[in-house]
$ cat structure_31.cif   # mmCIF, N, CA and C atoms
data_model
#
loop_
_atom_site.label_atom_id
_atom_site.label_comp_id
_atom_site.auth_asym_id
_atom_site.auth_seq_id
_atom_site.Cartn_x
_atom_site.Cartn_y
_atom_site.Cartn_z
N MET A 1 111.43 103.19 106.81
CA MET A 1 110.13 102.72 107.20
C MET A 1 110.08 102.61 108.72
N SER A 2 109.02 103.07 109.32
CA SER A 2 108.92 103.03 110.77
C SER A 2 108.40 101.67 111.23
N GLU A 3 108.73 101.37 112.47
CA GLU A 3 108.31 100.09 113.04
C GLU A 3 106.87 100.22 113.55
N LEU A 4 106.08 99.23 113.29
CA LEU A 4 104.69 99.20 113.71
C LEU A 4 104.51 98.01 114.64
N ARG A 5 103.96 98.27 115.81
CA ARG A 5 103.72 97.18 116.76
C ARG A 5 102.22 97.06 117.01
N VAL A 6 101.71 95.88 116.72
CA VAL A 6 100.29 95.61 116.91
C VAL A 6 100.16 94.28 117.62
N PRO A 7 99.44 94.24 118.74
CA PRO A 7 99.26 92.96 119.44
C PRO A 7 98.52 91.96 118.54
N PRO A 8 98.87 90.68 118.63
CA PRO A 8 98.23 89.66 117.79
C PRO A 8 96.71 89.64 117.93
N ALA A 9 96.20 89.87 119.12
CA ALA A 9 94.74 89.88 119.31
C ALA A 9 94.11 91.01 118.50
N THR A 10 94.81 92.12 118.38
CA THR A 10 94.31 93.24 117.60
C THR A 10 94.29 92.87 116.12
N LEU A 11 95.31 92.15 115.65
CA LEU A 11 95.33 91.71 114.25
C LEU A 11 94.15 90.79 113.96
N SER A 12 93.86 89.90 114.89
CA SER A 12 92.71 89.00 114.71
C SER A 12 91.41 89.80 114.65
N SER A 13 91.30 90.79 115.49
CA SER A 13 90.10 91.64 115.52
C SER A 13 89.97 92.42 114.21
N ILE A 14 91.07 92.99 113.74
CA ILE A 14 91.06 93.74 112.48
C ILE A 14 90.64 92.83 111.34
N ARG A 15 91.22 91.62 111.29
CA ARG A 15 90.88 90.68 110.24
C ARG A 15 89.39 90.33 110.29
N GLY A 16 88.87 90.16 111.49
CA GLY A 16 87.45 89.86 111.65
C GLY A 16 86.56 90.97 111.13
N PHE A 17 86.92 92.22 111.45
CA PHE A 17 86.14 93.37 110.96
C PHE A 17 86.18 93.45 109.43
N LEU A 18 87.36 93.24 108.87
CA LEU A 18 87.51 93.30 107.41
C LEU A 18 86.69 92.20 106.72
N ASP A 19 86.77 90.99 107.26
CA ASP A 19 86.02 89.87 106.68
C ASP A 19 84.52 90.10 106.80
N THR A 20 84.08 90.61 107.95
CA THR A 20 82.66 90.89 108.14
C THR A 20 82.18 91.96 107.17
N ALA A 21 82.96 93.02 107.03
CA ALA A 21 82.57 94.10 106.11
C ALA A 21 82.48 93.59 104.67
N ALA A 22 83.47 92.80 104.25
CA ALA A 22 83.43 92.25 102.89
C ALA A 22 82.22 91.35 102.71
N GLY A 23 81.92 90.54 103.70
CA GLY A 23 80.78 89.64 103.61
C GLY A 23 79.46 90.38 103.55
N GLU A 24 79.36 91.46 104.33
CA GLU A 24 78.12 92.24 104.32
C GLU A 24 77.92 92.96 102.99
N ILE A 25 79.00 93.44 102.41
CA ILE A 25 78.88 94.07 101.09
C ILE A 25 78.47 93.03 100.06
N GLU A 26 79.09 91.86 100.10
CA GLU A 26 78.75 90.78 99.16
C GLU A 26 77.28 90.37 99.31
N ALA A 27 76.77 90.40 100.55
CA ALA A 27 75.40 89.98 100.81
C ALA A 27 74.38 90.93 100.19
N THR A 28 74.78 92.15 99.88
CA THR A 28 73.85 93.10 99.28
C THR A 28 73.70 92.91 97.78
N ALA A 29 74.51 92.06 97.19
CA ALA A 29 74.51 91.89 95.72
C ALA A 29 73.13 91.50 95.18
N ASP A 30 72.44 90.63 95.89
CA ASP A 30 71.13 90.18 95.41
C ASP A 30 70.05 91.24 95.53
N SER A 31 70.30 92.28 96.32
CA SER A 31 69.28 93.31 96.51
C SER A 31 69.35 94.42 95.46
N ALA A 32 70.36 94.40 94.62
CA ALA A 32 70.46 95.42 93.56
C ALA A 32 69.36 95.18 92.53
N PRO A 33 68.71 96.25 92.11
CA PRO A 33 67.64 96.08 91.12
C PRO A 33 68.19 95.57 89.79
N HIS A 34 67.43 94.70 89.16
CA HIS A 34 67.84 94.13 87.88
C HIS A 34 67.32 94.94 86.70
N GLY A 35 66.28 95.68 86.94
CA GLY A 35 65.71 96.54 85.91
C GLY A 35 65.35 97.88 86.54
N LEU A 36 65.42 98.90 85.76
CA LEU A 36 65.18 100.23 86.29
C LEU A 36 64.33 101.00 85.30
N ASP A 37 63.25 101.62 85.80
CA ASP A 37 62.40 102.43 84.93
C ASP A 37 62.41 103.85 85.49
N GLY A 38 63.22 104.67 84.88
CA GLY A 38 63.32 106.07 85.30
C GLY A 38 62.89 107.01 84.20
N GLY A 39 62.08 106.50 83.29
CA GLY A 39 61.63 107.33 82.18
C GLY A 39 62.81 107.78 81.34
N ASP A 40 62.84 109.07 81.05
CA ASP A 40 63.93 109.62 80.23
C ASP A 40 65.28 109.53 80.94
N MET A 41 65.24 109.38 82.26
CA MET A 41 66.49 109.34 83.04
C MET A 41 67.02 107.91 83.22
N THR A 42 66.35 106.93 82.64
CA THR A 42 66.75 105.53 82.81
C THR A 42 68.22 105.29 82.45
N PRO A 43 68.72 105.77 81.31
CA PRO A 43 70.14 105.52 81.00
C PRO A 43 71.09 106.11 82.05
N LEU A 44 70.79 107.31 82.52
CA LEU A 44 71.65 107.94 83.52
C LEU A 44 71.58 107.17 84.84
N LEU A 45 70.37 106.83 85.26
CA LEU A 45 70.20 106.09 86.51
C LEU A 45 70.84 104.71 86.44
N THR A 46 70.73 104.07 85.29
CA THR A 46 71.35 102.76 85.09
C THR A 46 72.87 102.87 85.17
N ALA A 47 73.42 103.90 84.56
CA ALA A 47 74.87 104.11 84.62
C ALA A 47 75.33 104.39 86.05
N MET A 48 74.55 105.18 86.78
CA MET A 48 74.89 105.48 88.17
C MET A 48 74.84 104.22 89.02
N LEU A 49 73.80 103.43 88.84
CA LEU A 49 73.67 102.18 89.60
C LEU A 49 74.80 101.22 89.26
N SER A 50 75.16 101.15 88.00
CA SER A 50 76.26 100.30 87.57
C SER A 50 77.56 100.72 88.25
N LYS A 51 77.79 102.01 88.32
CA LYS A 51 79.00 102.54 88.96
C LYS A 51 79.02 102.18 90.45
N ILE A 52 77.88 102.32 91.11
CA ILE A 52 77.79 102.00 92.55
C ILE A 52 78.06 100.51 92.77
N VAL A 53 77.44 99.66 91.96
CA VAL A 53 77.62 98.21 92.10
C VAL A 53 79.08 97.83 91.83
N GLY A 54 79.67 98.41 90.80
CA GLY A 54 81.07 98.13 90.50
C GLY A 54 82.01 98.57 91.61
N ASN A 55 81.74 99.73 92.16
CA ASN A 55 82.58 100.23 93.25
C ASN A 55 82.41 99.38 94.52
N ALA A 56 81.19 98.92 94.77
CA ALA A 56 80.96 98.05 95.93
C ALA A 56 81.73 96.74 95.77
N ALA A 57 81.74 96.19 94.56
CA ALA A 57 82.49 94.96 94.31
C ALA A 57 83.99 95.19 94.51
N ALA A 58 84.48 96.32 94.03
CA ALA A 58 85.91 96.64 94.21
C ALA A 58 86.24 96.83 95.69
N LEU A 59 85.35 97.46 96.43
CA LEU A 59 85.57 97.65 97.86
C LEU A 59 85.63 96.31 98.58
N SER A 60 84.69 95.44 98.25
CA SER A 60 84.67 94.11 98.86
C SER A 60 85.96 93.35 98.56
N GLU A 61 86.39 93.41 97.31
CA GLU A 61 87.63 92.74 96.91
C GLU A 61 88.83 93.33 97.66
N GLY A 62 88.85 94.65 97.79
CA GLY A 62 89.94 95.30 98.51
C GLY A 62 89.97 94.91 99.98
N LEU A 63 88.80 94.82 100.60
CA LEU A 63 88.73 94.40 102.00
C LEU A 63 89.25 92.97 102.17
N THR A 64 88.92 92.12 101.21
CA THR A 64 89.39 90.73 101.25
C THR A 64 90.91 90.66 101.11
N VAL A 65 91.46 91.46 100.22
CA VAL A 65 92.92 91.49 100.03
C VAL A 65 93.62 92.00 101.29
N VAL A 66 93.11 93.06 101.86
CA VAL A 66 93.72 93.61 103.08
C VAL A 66 93.61 92.60 104.22
N SER A 67 92.48 91.92 104.31
CA SER A 67 92.32 90.89 105.33
C SER A 67 93.38 89.80 105.19
N ALA A 68 93.65 89.40 103.96
CA ALA A 68 94.69 88.39 103.71
C ALA A 68 96.07 88.92 104.12
N GLN A 69 96.31 90.19 103.90
CA GLN A 69 97.59 90.78 104.30
C GLN A 69 97.72 90.84 105.82
N VAL A 70 96.61 91.11 106.50
CA VAL A 70 96.63 91.09 107.96
C VAL A 70 96.90 89.67 108.45
N THR A 71 96.32 88.69 107.80
CA THR A 71 96.57 87.28 108.14
C THR A 71 98.06 86.96 107.97
N ASP A 72 98.65 87.43 106.88
CA ASP A 72 100.09 87.22 106.65
C ASP A 72 100.93 87.89 107.74
N ALA A 73 100.54 89.09 108.13
CA ALA A 73 101.29 89.80 109.18
C ALA A 73 101.19 89.04 110.50
N GLU A 74 100.01 88.52 110.78
CA GLU A 74 99.84 87.74 112.01
C GLU A 74 100.69 86.46 111.97
N ALA A 75 100.72 85.80 110.83
CA ALA A 75 101.53 84.59 110.67
C ALA A 75 103.01 84.91 110.84
N ASP A 76 103.45 86.04 110.28
CA ASP A 76 104.85 86.47 110.44
C ASP A 76 105.18 86.70 111.91
N PHE A 77 104.24 87.30 112.63
CA PHE A 77 104.46 87.54 114.05
C PHE A 77 104.70 86.23 114.77
N TRP A 78 103.80 85.25 114.54
CA TRP A 78 103.92 83.99 115.27
C TRP A 78 105.16 83.21 114.85
N THR A 79 105.57 83.33 113.60
CA THR A 79 106.81 82.69 113.15
C THR A 79 108.01 83.31 113.86
N SER A 80 108.03 84.63 113.93
CA SER A 80 109.12 85.33 114.62
C SER A 80 109.11 85.00 116.10
N ASP A 81 107.93 84.97 116.69
CA ASP A 81 107.80 84.67 118.11
C ASP A 81 108.34 83.28 118.41
N ALA A 82 107.99 82.32 117.55
CA ALA A 82 108.48 80.95 117.76
C ALA A 82 110.00 80.87 117.61
N ALA A 83 110.55 81.61 116.64
CA ALA A 83 112.01 81.61 116.45
C ALA A 83 112.73 82.19 117.66
N VAL A 84 112.20 83.27 118.19
CA VAL A 84 112.81 83.89 119.38
C VAL A 84 112.67 82.95 120.57
N SER A 85 111.52 82.33 120.72
CA SER A 85 111.30 81.39 121.82
C SER A 85 112.28 80.22 121.73
N ASP A 86 112.45 79.69 120.52
CA ASP A 86 113.40 78.59 120.33
C ASP A 86 114.83 79.02 120.66
N ALA A 87 115.17 80.24 120.24
CA ALA A 87 116.52 80.73 120.49
C ALA A 87 116.79 80.85 121.98
N PHE A 88 115.82 81.37 122.73
CA PHE A 88 116.01 81.51 124.16
C PHE A 88 115.97 80.15 124.86
N ALA A 89 115.13 79.26 124.40
CA ALA A 89 115.04 77.94 125.00
C ALA A 89 116.32 77.16 124.78
N GLY A 90 116.97 77.38 123.65
CA GLY A 90 118.20 76.67 123.34
C GLY A 90 119.44 77.39 123.83
N GLY A 91 119.26 78.53 124.45
CA GLY A 91 120.39 79.27 124.96
C GLY A 91 121.15 80.03 123.88
N LEU A 92 120.56 80.16 122.69
CA LEU A 92 121.23 80.89 121.62
C LEU A 92 121.06 82.39 121.84
N ARG A 93 122.03 83.12 121.39
CA ARG A 93 121.99 84.58 121.51
C ARG A 93 121.21 85.16 120.33
N VAL A 94 120.28 86.04 120.61
CA VAL A 94 119.51 86.69 119.56
C VAL A 94 120.10 88.07 119.34
N ASP A 95 120.55 88.34 118.13
CA ASP A 95 121.15 89.65 117.82
C ASP A 95 120.10 90.63 117.39
#
$ encode --input "structure_31.cif" --output "structure tokens"
Amino acid sequence: MSELRVPPATLSSIRGFLDTAAGEIEATADSAPHGLDGGDMTPLLTAMLSKIVGNAAALSEGLTVVSAQVTDAEADFWTSDAAVSDAFAGGLRVD
């Protein structure tokens, strides 16, 4: 696995974008039509709309999960940073 370096400010920004995107998708839930009259095409249109709504919900959930993972990565960074800071402050050698 390759090493990935991301500044903490960038992680905060990424988390913000993910949270905003998930929130905006969630905000559209009330705008979905509750009834659809497409004549003979109503069953097909209803199935298509159902698929779109389901996929939007899955996308929102995925964005929320990834945002939580970014939060965990940021927390790991600060934990590691504090450990290294403590080691140098105490004169301990970091291997």
$ resolve_selection --input "structure_31.cif" --expression "the PyMOL selection byres (((chain A and resi 34 and name CA) around 12) and name CA)" --output "PyMOL selection string"
chain A and resi 29-33+35-37+46+49-50+53
$ write_last_selection --input "structure_31.cif" --atoms "N, CA and C atoms" --output "mmCIF file, in the coordinates of the input"
data_model
loop_
_atom_site.group_PDB
_atom_site.id
_atom_site.type_symbol
_atom_site.label_atom_id
_atom_site.label_comp_id
_atom_site.auth_asym_id
_atom_site.auth_seq_id
_atom_site.Cartn_x
_atom_site.Cartn_y
_atom_site.Cartn_z
ATOM 1 N N ALA A 29 74.510 92.060 97.190
ATOM 2 C CA ALA A 29 74.510 91.890 95.720
ATOM 3 C C ALA A 29 73.130 91.500 95.180
ATOM 4 N N ASP A 30 72.440 90.630 95.890
ATOM 5 C CA ASP A 30 71.130 90.180 95.410
ATOM 6 C C ASP A 30 70.050 91.240 95.530
ATOM 7 N N SER A 31 70.300 92.280 96.320
ATOM 8 C CA SER A 31 69.280 93.310 96.510
ATOM 9 C C SER A 31 69.350 94.420 95.460
ATOM 10 N N ALA A 32 70.360 94.400 94.620
ATOM 11 C CA ALA A 32 70.460 95.420 93.560
ATOM 12 C C ALA A 32 69.360 95.180 92.530
ATOM 13 N N PRO A 33 68.710 96.250 92.110
ATOM 14 C CA PRO A 33 67.640 96.080 91.120
ATOM 15 C C PRO A 33 68.190 95.570 89.790
ATOM 16 N N GLY A 35 66.280 95.680 86.940
ATOM 17 C CA GLY A 35 65.710 96.540 85.910
ATOM 18 C C GLY A 35 65.350 97.880 86.540
ATOM 19 N N LEU A 36 65.420 98.900 85.760
ATOM 20 C CA LEU A 36 65.180 100.230 86.290
ATOM 21 C C LEU A 36 64.330 101.000 85.300
ATOM 22 N N ASP A 37 63.250 101.620 85.800
ATOM 23 C CA ASP A 37 62.400 102.430 84.930
ATOM 24 C C ASP A 37 62.410 103.850 85.490
ATOM 25 N N THR A 46 70.730 104.070 85.290
ATOM 26 C CA THR A 46 71.350 102.760 85.090
ATOM 27 C C THR A 46 72.870 102.870 85.170
ATOM 28 N N LEU A 49 73.800 103.430 88.840
ATOM 29 C CA LEU A 49 73.670 102.180 89.600
ATOM 30 C C LEU A 49 74.800 101.220 89.260
ATOM 31 N N SER A 50 75.160 101.150 88.000
ATOM 32 C CA SER A 50 76.260 100.300 87.570
ATOM 33 C C SER A 50 77.560 100.720 88.250
ATOM 34 N N VAL A 53 77.440 99.660 91.960
ATOM 35 C CA VAL A 53 77.620 98.210 92.100
ATOM 36 C C VAL A 53 79.080 97.830 91.830
#
$ axis_aligned_box --input "structure_31.cif" --around "range 61-70 of chain A" --padding-each-side "5 Å" --output "JSON"
{"center_x": 92.1, "center_y": 91.8, "center_z": 102.7, "size_x": 21.3, "size_y": 16.9, "size_z": 21.5}
$ resolve_selection --input "structure_31.cif" --expression "the PyMOL selection byres (((chain A and resi 25 and name CA) around 12) and name CA)" --output "compact mmCIF listing (two decimals) with N, CA and C atoms, in the coordinates of the input"
# COMPACT_ATOMS: atom_id res chain seq x y z
N LEU A 18 87.36 93.24 108.87
CA LEU A 18 87.51 93.30 107.41
C LEU A 18 86.69 92.20 106.72
N ASP A 19 86.77 90.99 107.26
CA ASP A 19 86.02 89.87 106.68
C ASP A 19 84.52 90.10 106.80
N THR A 20 84.08 90.61 107.95
CA THR A 20 82.66 90.89 108.14
C THR A 20 82.18 91.96 107.17
N ALA A 21 82.96 93.02 107.03
CA ALA A 21 82.57 94.10 106.11
C ALA A 21 82.48 93.59 104.67
N ALA A 22 83.47 92.80 104.25
CA ALA A 22 83.43 92.25 102.89
C ALA A 22 82.22 91.35 102.71
N GLY A 23 81.92 90.54 103.70
CA GLY A 23 80.78 89.64 103.61
C GLY A 23 79.46 90.38 103.55
N GLU A 24 79.36 91.46 104.33
CA GLU A 24 78.12 92.24 104.32
C GLU A 24 77.92 92.96 102.99
N GLU A 26 79.09 91.86 100.10
CA GLU A 26 78.75 90.78 99.16
C GLU A 26 77.28 90.37 99.31
N ALA A 27 76.77 90.40 100.55
CA ALA A 27 75.40 89.98 100.81
C ALA A 27 74.38 90.93 100.19
N THR A 28 74.78 92.15 99.88
CA THR A 28 73.85 93.10 99.28
C THR A 28 73.70 92.91 97.78
N ALA A 29 74.51 92.06 97.19
CA ALA A 29 74.51 91.89 95.72
C ALA A 29 73.13 91.50 95.18
N ASP A 30 72.44 90.63 95.89
CA ASP A 30 71.13 90.18 95.41
C ASP A 30 70.05 91.24 95.53
N SER A 31 70.30 92.28 96.32
CA SER A 31 69.28 93.31 96.51
C SER A 31 69.35 94.42 95.46
N ALA A 32 70.36 94.40 94.62
CA ALA A 32 70.46 95.42 93.56
C ALA A 32 69.36 95.18 92.53
N ILE A 52 77.88 102.32 91.11
CA ILE A 52 77.79 102.00 92.55
C ILE A 52 78.06 100.51 92.77
N VAL A 53 77.44 99.66 91.96
CA VAL A 53 77.62 98.21 92.10
C VAL A 53 79.08 97.83 91.83
N GLY A 54 79.67 98.41 90.80
CA GLY A 54 81.07 98.13 90.50
C GLY A 54 82.01 98.57 91.61
N ASN A 55 81.74 99.73 92.16
CA ASN A 55 82.58 100.23 93.25
C ASN A 55 82.41 99.38 94.52
N ALA A 56 81.19 98.92 94.77
CA ALA A 56 80.96 98.05 95.93
C ALA A 56 81.73 96.74 95.77
N ALA A 57 81.74 96.19 94.56
CA ALA A 57 82.49 94.96 94.31
C ALA A 57 83.99 95.19 94.51
N ALA A 58 84.48 96.32 94.03
CA ALA A 58 85.91 96.64 94.21
C ALA A 58 86.24 96.83 95.69
N LEU A 59 85.35 97.46 96.43
CA LEU A 59 85.57 97.65 97.86
C LEU A 59 85.63 96.31 98.58
N SER A 60 84.69 95.44 98.25
CA SER A 60 84.67 94.11 98.86
C SER A 60 85.96 93.35 98.56
N GLU A 61 86.39 93.41 97.31
CA GLU A 61 87.63 92.74 96.91
C GLU A 61 88.83 93.33 97.66
N GLY A 62 88.85 94.65 97.79
CA GLY A 62 89.94 95.30 98.51
C GLY A 62 89.97 94.91 99.98
N LEU A 63 88.80 94.82 100.60
CA LEU A 63 88.73 94.40 102.00
C LEU A 63 89.25 92.97 102.17
N THR A 64 88.92 92.12 101.21
CA THR A 64 89.39 90.73 101.25
C THR A 64 90.91 90.66 101.11
$ closest_residue --input "structure_31.cif" --among "A:Asp40, A:Asp86, A:Asp81, A:Glu74" --to "Leu11 in chain A" --atoms "only N, CA and C atoms"
A:Glu74
$ select_by_dssp --input "structure_31.cif" --residues "chain A" --states "alpha helix (DSSP H)" --output "ChimeraX atom specification"
/A:8-27,42-89
$ atom_distance --input "structure_31.cif" --atom1 "CA of Val84 in chain A" --atom2 "CA of Arg15 in chain A"
24.7 Å
$ atom_distance --input "structure_31.cif" --atom1 "atom C of Ala73 in chain A" --atom2 "CA of Gly16 in chain A"
13.8 Å
$ residues_around --input "structure_31.cif" --residues "Ile14 in chain A" --least-positions-apart "6" --cutoff "8 Å" --atoms "all atoms listed in the file" --output "list in words"
Pro8, Thr20, Val66, Ser67, Val70 and Thr71 of chain A
$ atom_distance --input "structure_31.cif" --atom1 "atom C of Met48 in chain A" --atom2 "CA of Ala68 in chain A"
29.3 Å
